[in-house]
Amino acid sequence: MAKLLAKEIRLFTHPTSWMFLAFGAMMLIPGYPMYIPFFWVTLGLFYACLGARENNDLYYTLLLPVRKRDAVRARGLYFAVMELLQIAVCIPFAILRRALGIGPNPAGMDANAALFGLVLILMGLFNLSFLPRLYKNPSAVGKPFLLVTVFVFLYIVAAELCCFTVPFFRDVLDTPDPQHLGAKLAVLALGAALFVLLTLLGTRRAERIFEKVDL
């Protein structure tokens with residue numbers, strides 16, 4: 001699996017994925033939705049899937065001495081690595097935002113520990129939704145991504161609205177760190193657990209679907 005993951009990083013990655021990592025600096029924009037920088041990692045994954053389709057990456061992978069399910073697992077693991085890398089890039093900018101004295105975010109969730117927990121849930125839902133659709137018809141990449149992107153932005157809108165309408169979000173989660181840190185760390189831990197669970201479920205479902213696909 002390590003070799004397959006290395007192949008994904010070297011051959012599957014689209015150049016825009018590395019460029020989009022720099023968009024973590026968007027965390028410093030005052031009055032800006034903090035979830036948007038994390039949308040770009042999904043767009044980078046979409047471009048990578050498009051490039052893989054045009055370069056017959058899937059056929060190349062299956063010519064290697066690997067099972068179809070191994071190819072899917074490597075892709076699911078690659079998705080998780082890139083998403084976690086995006087989060088890792090954003091964390092220093094969130095810390096810098098506080099150090100620079102940028103005030104509370106009027107557009108919604110502040111850049112704090114709870115935000116990253118909610119983002120992990122978002123990324124897990126993306127993997128759960130996109131991976132099975134991707135492997136149902138590997139040559140059709142755009143339609144599944146468009147559909148899943150609608151889900152992604154519905155989640156973002158709902159999460160941001162909660163900051164204005166749900167007391168727990170407004171008074172506890174949407175506050176600067178280290179206020180209510182215990183509750184925020186609980187959300188972060190829950191998000192991490194759900195990210196792992198949802199990604200595994202999406203990958204396993206994609207494996208079962210792809211096993212039945214006749215290439």
# chains A, B, ... in the order shown; residues from 1 in each chain; ligands from 1
>>> residues_around(residues="A:Pro144", least_positions_apart="2", cutoff="7 Å", atoms="only C-alpha atoms", output="list in words")
Phe130, Arg133, Leu134, Val141, Gly142, Leu146, Leu147 and Val148 of chain A
>>> closest_residue(among="A:Ile121, A:Leu43, A:Ile209, A:Met34", to="A:Asp174", atoms="only C-alpha atoms")
A:Met34
>>> closest_residue(among="A:Arg73, A:Leu115, A:Gly202, A:Ile29", to="A:Glu160", atoms="only C-alpha atoms")
A:Leu115
>>> residues_around(residues="A:Leu181", least_positions_apart="4", cutoff="9 Å", atoms="only C-alpha atoms", output="ChimeraX atom specification")
/A:113-114,172-173,177,185-186
>>> residues_around(residues="A:Pro176", least_positions_apart="6", cutoff="8 Å", atoms="only C-alpha atoms", output="list in words")
Pro104, Asp110, Ala111 and Asn112 of chain A
>>> residues_around(residues="A:Pro37", least_positions_apart="3", cutoff="9 Å", atoms="only C-alpha atoms", output="PyMOL selection string")
chain A and resi 20-21+23-27+33-34+40-41+86+90
>>> write_last_selection(atoms="N, CA and C atoms", output="PDB file, in the first residue's frame")
ATOM      1  N   PHE A  20      -3.136  24.975  -4.471  1.00  0.00           N
ATOM      2  CA  PHE A  20      -4.284  25.229  -3.601  1.00  0.00           C
ATOM      3  C   PHE A  20      -3.919  25.141  -2.125  1.00  0.00           C
ATOM      4  N   LEU A  21      -2.838  24.427  -1.796  1.00  0.00           N
ATOM      5  CA  LEU A  21      -2.413  24.383  -0.393  1.00  0.00           C
ATOM      6  C   LEU A  21      -2.094  25.775   0.124  1.00  0.00           C
ATOM      7  N   PHE A  23      -3.638  28.331  -0.422  1.00  0.00           N
ATOM      8  CA  PHE A  23      -4.871  29.060  -0.116  1.00  0.00           C
ATOM      9  C   PHE A  23      -5.229  28.973   1.360  1.00  0.00           C
ATOM     10  N   GLY A  24      -4.428  28.234   2.126  1.00  0.00           N
ATOM     11  CA  GLY A  24      -4.612  28.264   3.570  1.00  0.00           C
ATOM     12  C   GLY A  24      -4.431  29.658   4.134  1.00  0.00           C
ATOM     13  N   ALA A  25      -3.707  30.504   3.389  1.00  0.00           N
ATOM     14  CA  ALA A  25      -3.519  31.889   3.815  1.00  0.00           C
ATOM     15  C   ALA A  25      -4.827  32.670   3.815  1.00  0.00           C
ATOM     16  N   MET A  26      -5.861  32.119   3.182  1.00  0.00           N
ATOM     17  CA  MET A  26      -7.170  32.784   3.188  1.00  0.00           C
ATOM     18  C   MET A  26      -7.761  32.850   4.589  1.00  0.00           C
ATOM     19  N   MET A  27      -7.201  32.066   5.503  1.00  0.00           N
ATOM     20  CA  MET A  27      -7.655  32.135   6.891  1.00  0.00           C
ATOM     21  C   MET A  27      -7.409  33.507   7.506  1.00  0.00           C
ATOM     22  N   PRO A  33     -15.710  33.543   5.044  1.00  0.00           N
ATOM     23  CA  PRO A  33     -16.088  32.202   5.532  1.00  0.00           C
ATOM     24  C   PRO A  33     -14.871  31.296   5.657  1.00  0.00           C
ATOM     25  N   MET A  34     -14.630  30.790   6.844  1.00  0.00           N
ATOM     26  CA  MET A  34     -13.423  30.022   7.106  1.00  0.00           C
ATOM     27  C   MET A  34     -13.439  28.630   6.481  1.00  0.00           C
ATOM     28  N   TRP A  40     -11.022  24.165  -1.679  1.00  0.00           N
ATOM     29  CA  TRP A  40     -10.032  24.088  -2.744  1.00  0.00           C
ATOM     30  C   TRP A  40      -9.329  22.746  -2.799  1.00  0.00           C
ATOM     31  N   VAL A  41      -9.183  22.070  -1.665  1.00  0.00           N
ATOM     32  CA  VAL A  41      -8.547  20.752  -1.701  1.00  0.00           C
ATOM     33  C   VAL A  41      -9.425  19.774  -2.473  1.00  0.00           C
ATOM     34  N   GLN A  86      -4.013  19.818   3.833  1.00  0.00           N
ATOM     35  CA  GLN A  86      -4.637  21.136   3.732  1.00  0.00           C
ATOM     36  C   GLN A  86      -4.948  21.694   5.117  1.00  0.00           C
ATOM     37  N   CYS A  90      -3.444  25.048   7.069  1.00  0.00           N
ATOM     38  CA  CYS A  90      -4.330  26.110   7.557  1.00  0.00           C
ATOM     39  C   CYS A  90      -4.127  26.429   9.041  1.00  0.00           C
TER      40      CYS A  90
END
>>> closest_residue(among="A:Val119, A:Phe38, A:Phe126, A:Gly108", to="A:Val166", atoms="only C-alpha atoms")
A:Gly108
>>> closest_atom_pairs(of="stretch 37-145 of chain A", to="stretch 5-11 of chain A", cutoff="10 Å", atoms="only C-alpha atoms", output="CSV")
residue,atom,partner,partner_atom,distance
A:Ala48,CA,A:Leu11,CA,9.4
A:Gly51,CA,A:Leu11,CA,9.7
A:Ala52,CA,A:Leu11,CA,8.4
A:Asn55,CA,A:Leu11,CA,9.8
A:Asp57,CA,A:Leu11,CA,8.2
A:Thr61,CA,A:Lys7,CA,9.0
A:Ala71,CA,A:Leu5,CA,9.2
A:Arg73,CA,A:Leu5,CA,9.1
A:Ala74,CA,A:Leu5,CA,5.4
A:Arg75,CA,A:Glu8,CA,7.0
A:Gly76,CA,A:Leu5,CA,9.5
A:Leu77,CA,A:Leu5,CA,7.3
A:Tyr78,CA,A:Leu5,CA,6.4
A:Phe79,CA,A:Glu8,CA,9.7
A:Val81,CA,A:Leu5,CA,9.6
A:Met82,CA,A:Ile9,CA,9.3
>>> closest_residue(among="A:Val150, A:Leu63, A:Leu120, A:Ala193", to="A:Leu85", atoms="only C-alpha atoms")
A:Leu120
